[in-house]
Amino acid sequence: MKEEVKNYLFLRKMLGILCGVLAPACLIFGLFGAEHNMEGWYMSVSATYYASSKVWMIGLLFTASVFFMCYTGYDWRDRVMAIIQSLCCLFVVVFPCRVPGAPETVGMFDLPINVSHTIHMVAASVLFFAFAVNILFLFTLGNVNNEKKRKRNVVYRVCGIVIFVFAVCLALHKTPVFAWVPAWFPYTWFCEFIMLTAFSVAWLVKSESVKALNDVE
């Protein structure tokens, strides 16, 4: 039983780490050989598919997909959410987004760029929505009701709300509300970075990596 618990904690910790380093790694390593990257490669994590840091974007998301698929959680709700997140991570990799200068057909299935972009955007949207739902409504469950659990729930709720808020900000990016954002600023990447960081914090707390919030010291 102890080994099973250790495996769960390891999976949770790895999911937190993988998604936490995704956005910074894709941007930082994309700076190496940036002169050969496509225009706007730094505008989003997805756009780094066309950059020198492509291996990080594909590798980290694919690995996260595998970890999600291996995660069973406490009951069927955790399992369903894990499968949804696993498939969405995989779809984001397999179906690249559209960027200026991208070829007419892309991805593993050589689909027209517009078709691939549509699937990519749906998968990414569902992924972040699933992140928030999982953290807000599943992480906060449990029979334990002590001070540490209440503190953990506060962290989970803050992280889930942050993901929801920045997902909305991302959806409204092209509207007049955010017309003040400079064209050169990687607004999408920034929103993704904040959401992935919130996801990472929640899963690291869930993995008992933050000792101050654990029930057993």
# chains A, B, ... in the order shown; residues from 1 in each chain; ligands from 1

call {"tool": "residues_around", "arguments": {"residues": "Ile83 (chain A)", "least_positions_apart": "4", "cutoff": "12 Å", "atoms": "only C-alpha atoms", "output": "list of chain:residue names"}}
result
A:Ala64, A:Ser65, A:Val66, A:Phe67, A:Phe68, A:Met69, A:Cys70, A:Tyr71, A:Thr72, A:Gly73, A:Trp76, A:Arg77, A:Asp78, A:Arg79, A:Leu87, A:Cys88, A:Cys89, A:Leu90, A:Leu127, A:Ala130, A:Phe131, A:Asn134

call {"tool": "residues_around", "arguments": {"residues": "Tyr156 (chain A)", "least_positions_apart": "3", "cutoff": "7 Å", "atoms": "only C-alpha atoms", "output": "PyMOL selection string"}}
result
chain A and resi 135-136+139-140+152-153+159-160+202

call {"tool": "residues_around", "arguments": {"residues": "Lys54 (chain A)", "least_positions_apart": "5", "cutoff": "8 Å", "atoms": "only C-alpha atoms", "output": "ChimeraX atom specification"}}
result
/A:26,30,48-49

call {"tool": "write_last_selection", "arguments": {"atoms": "N, CA and C atoms", "output": "mmCIF file, in the first residue's frame"}}
result
data_model
loop_
_atom_site.group_PDB
_atom_site.id
_atom_site.type_symbol
_atom_site.label_atom_id
_atom_site.label_comp_id
_atom_site.auth_asym_id
_atom_site.auth_seq_id
_atom_site.Cartn_x
_atom_site.Cartn_y
_atom_site.Cartn_z
ATOM 1 N N CYS A 26 10.293 26.217 -23.311
ATOM 2 C CA CYS A 26 10.010 26.441 -24.733
ATOM 3 C C CYS A 26 10.500 27.810 -25.190
ATOM 4 N N GLY A 30 14.211 28.287 -27.116
ATOM 5 C CA GLY A 30 13.921 28.773 -28.453
ATOM 6 C C GLY A 30 14.792 29.948 -28.852
ATOM 7 N N THR A 48 5.916 27.409 -30.441
ATOM 8 C CA THR A 48 7.302 26.939 -30.387
ATOM 9 C C THR A 48 7.463 25.591 -31.078
ATOM 10 N N TYR A 49 6.370 25.015 -31.548
ATOM 11 C CA TYR A 49 6.437 23.816 -32.391
ATOM 12 C C TYR A 49 7.269 24.106 -33.636
#

call {"tool": "select_by_dssp", "arguments": {"residues": "region 26-187 of chain A", "states": "strand (DSSP E or B)", "output": "list in words"}}
result
Thr105, Val106, Leu111 and Pro112 of chain A

call {"tool": "residues_around", "arguments": {"residues": "Met195 (chain A)", "least_positions_apart": "4", "cutoff": "7 Å", "atoms": "only C-alpha atoms", "output": "list in words"}}
result
Val162, Ile163, Phe166, Cys191 and Phe199 of chain A

call {"tool": "write_last_selection", "arguments": {"atoms": "N, CA and C atoms", "output": "PDB file, in the first residue's frame"}}
result
ATOM      1  N   VAL A 162      -7.344  31.201 -10.818  1.00  0.00           N
ATOM      2  CA  VAL A 162      -6.335  31.853 -11.671  1.00  0.00           C
ATOM      3  C   VAL A 162      -6.387  31.265 -13.076  1.00  0.00           C
ATOM      4  N   ILE A 163      -6.498  29.956 -13.179  1.00  0.00           N
ATOM      5  CA  ILE A 163      -6.571  29.317 -14.501  1.00  0.00           C
ATOM      6  C   ILE A 163      -7.815  29.776 -15.249  1.00  0.00           C
ATOM      7  N   PHE A 166      -7.402  33.613 -16.352  1.00  0.00           N
ATOM      8  CA  PHE A 166      -6.476  33.840 -17.461  1.00  0.00           C
ATOM      9  C   PHE A 166      -6.934  33.132 -18.731  1.00  0.00           C
ATOM     10  N   CYS A 191      -0.171  34.307 -20.686  1.00  0.00           N
ATOM     11  CA  CYS A 191      -1.353  33.708 -20.063  1.00  0.00           C
ATOM     12  C   CYS A 191      -1.145  32.220 -19.822  1.00  0.00           C
ATOM     13  N   PHE A 199      -1.284  25.542 -12.267  1.00  0.00           N
ATOM     14  CA  PHE A 199      -1.451  24.093 -12.335  1.00  0.00           C
ATOM     15  C   PHE A 199      -0.315  23.404 -11.586  1.00  0.00           C
TER      16      PHE A 199
END

call {"tool": "atom_distance", "arguments": {"atom1": "CA of Thr105 (chain A)", "atom2": "CA of Ile119 (chain A)"}}
result
13.6 Å

call {"tool": "select_by_dssp", "arguments": {"residues": "region 7-38 of chain A", "states": "helix (DSSP H, G or I)", "output": "PyMOL selection string"}}
result
chain A and resi 7-30+34-36

call {"tool": "write_last_selection", "arguments": {"atoms": "C-alpha atoms", "output": "mmCIF file, in the first residue's frame"}}
result
data_model
loop_
_atom_site.group_PDB
_atom_site.id
_atom_site.type_symbol
_atom_site.label_atom_id
_atom_site.label_comp_id
_atom_site.auth_asym_id
_atom_site.auth_seq_id
_atom_site.Cartn_x
_atom_site.Cartn_y
_atom_site.Cartn_z
ATOM 1 C CA ASN A 7 3.654 6.009 -6.966
ATOM 2 C CA TYR A 8 0.685 8.379 -6.767
ATOM 3 C CA LEU A 9 2.807 11.080 -5.173
ATOM 4 C CA PHE A 10 5.511 10.594 -7.808
ATOM 5 C CA LEU A 11 3.008 10.925 -10.662
ATOM 6 C CA ARG A 12 1.531 14.066 -9.127
ATOM 7 C CA LYS A 13 4.945 15.613 -8.565
ATOM 8 C CA MET A 14 6.086 14.865 -12.110
ATOM 9 C CA LEU A 15 2.909 16.378 -13.586
ATOM 10 C CA GLY A 16 3.509 19.517 -11.558
ATOM 11 C CA ILE A 17 7.140 19.760 -12.631
ATOM 12 C CA LEU A 18 6.541 18.954 -16.311
ATOM 13 C CA CYS A 19 3.809 21.552 -16.768
ATOM 14 C CA GLY A 20 5.636 24.081 -14.606
ATOM 15 C CA VAL A 21 8.763 24.096 -16.776
ATOM 16 C CA LEU A 22 6.926 23.813 -20.111
ATOM 17 C CA ALA A 23 6.426 27.505 -20.918
ATOM 18 C CA PRO A 24 9.843 28.765 -19.686
ATOM 19 C CA ALA A 25 11.740 25.925 -21.389
ATOM 20 C CA CYS A 26 10.010 26.441 -24.733
ATOM 21 C CA LEU A 27 10.818 30.152 -24.685
ATOM 22 C CA ILE A 28 14.347 30.068 -23.260
ATOM 23 C CA PHE A 29 15.629 27.239 -25.444
ATOM 24 C CA GLY A 30 13.921 28.773 -28.453
ATOM 25 C CA ALA A 34 16.093 32.070 -32.875
ATOM 26 C CA GLU A 35 17.205 33.562 -36.193
ATOM 27 C CA HIS A 36 16.085 30.340 -37.882
#

call {"tool": "closest_residue", "arguments": {"among": "A:Arg157, A:Lys151, A:His117, A:His173", "to": "Val92 (chain A)", "atoms": "only C-alpha atoms"}}
result
A:His117

call {"tool": "atom_distance", "arguments": {"atom1": "CA of Val94 (chain A)", "atom2": "CA of Leu31 (chain A)"}}
result
23.3 Å

call {"tool": "closest_residue", "arguments": {"among": "A:Leu111, A:Lys149, A:Phe129, A:Val154", "to": "Glu208 (chain A)", "atoms": "only C-alpha atoms"}}
result
A:Lys149

call {"tool": "residues_around", "arguments": {"residues": "Tyr74 (chain A)", "least_positions_apart": "6", "cutoff": "12 Å", "atoms": "only C-alpha atoms", "output": "PyMOL selection string"}}
result
chain A and resi 4-5+8+80-82+138-139+141-142

call {"tool": "write_last_selection", "arguments": {"atoms": "N, CA and C atoms", "output": "PDB file, in the first residue's frame"}}
result
ATOM      1  N   GLU A   4       2.131   1.985  -3.390  1.00  0.00           N
ATOM      2  CA  GLU A   4       1.099   2.572  -4.236  1.00  0.00           C
ATOM      3  C   GLU A   4       0.968   4.065  -3.965  1.00  0.00           C
ATOM      4  N   VAL A   5       1.021   4.438  -2.697  1.00  0.00           N
ATOM      5  CA  VAL A   5       0.948   5.855  -2.328  1.00  0.00           C
ATOM      6  C   VAL A   5       2.141   6.606  -2.886  1.00  0.00           C
ATOM      7  N   TYR A   8       1.618   7.276  -6.539  1.00  0.00           N
ATOM      8  CA  TYR A   8       0.685   8.379  -6.767  1.00  0.00           C
ATOM      9  C   TYR A   8       1.368   9.724  -6.561  1.00  0.00           C
ATOM     10  N   VAL A  80     -11.439   9.746 -15.286  1.00  0.00           N
ATOM     11  CA  VAL A  80     -11.988  10.398 -16.473  1.00  0.00           C
ATOM     12  C   VAL A  80     -11.256  11.705 -16.766  1.00  0.00           C
ATOM     13  N   MET A  81     -11.029  12.505 -15.732  1.00  0.00           N
ATOM     14  CA  MET A  81     -10.329  13.777 -15.935  1.00  0.00           C
ATOM     15  C   MET A  81      -8.901  13.546 -16.411  1.00  0.00           C
ATOM     16  N   ALA A  82      -8.252  12.515 -15.873  1.00  0.00           N
ATOM     17  CA  ALA A  82      -6.878  12.213 -16.285  1.00  0.00           C
ATOM     18  C   ALA A  82      -6.821  11.814 -17.754  1.00  0.00           C
ATOM     19  N   LEU A 138     -12.190  18.635  -7.663  1.00  0.00           N
ATOM     20  CA  LEU A 138     -11.762  17.301  -7.244  1.00  0.00           C
ATOM     21  C   LEU A 138     -10.673  17.353  -6.176  1.00  0.00           C
ATOM     22  N   PHE A 139      -9.707  18.250  -6.354  1.00  0.00           N
ATOM     23  CA  PHE A 139      -8.640  18.364  -5.360  1.00  0.00           C
ATOM     24  C   PHE A 139      -9.189  18.773  -3.993  1.00  0.00           C
ATOM     25  N   LEU A 141     -11.946  17.851  -2.614  1.00  0.00           N
ATOM     26  CA  LEU A 141     -12.730  16.806  -1.965  1.00  0.00           C
ATOM     27  C   LEU A 141     -11.890  16.087  -0.906  1.00  0.00           C
ATOM     28  N   GLY A 142     -12.548  15.278  -0.092  1.00  0.00           N
ATOM     29  CA  GLY A 142     -11.823  14.478   0.897  1.00  0.00           C
ATOM     30  C   GLY A 142     -12.545  14.442   2.227  1.00  0.00           C
TER      31      GLY A 142
END

call {"tool": "atom_distance", "arguments": {"atom1": "CA of Val99 (chain A)", "atom2": "CA of Val45 (chain A)"}}
result
11.7 Å
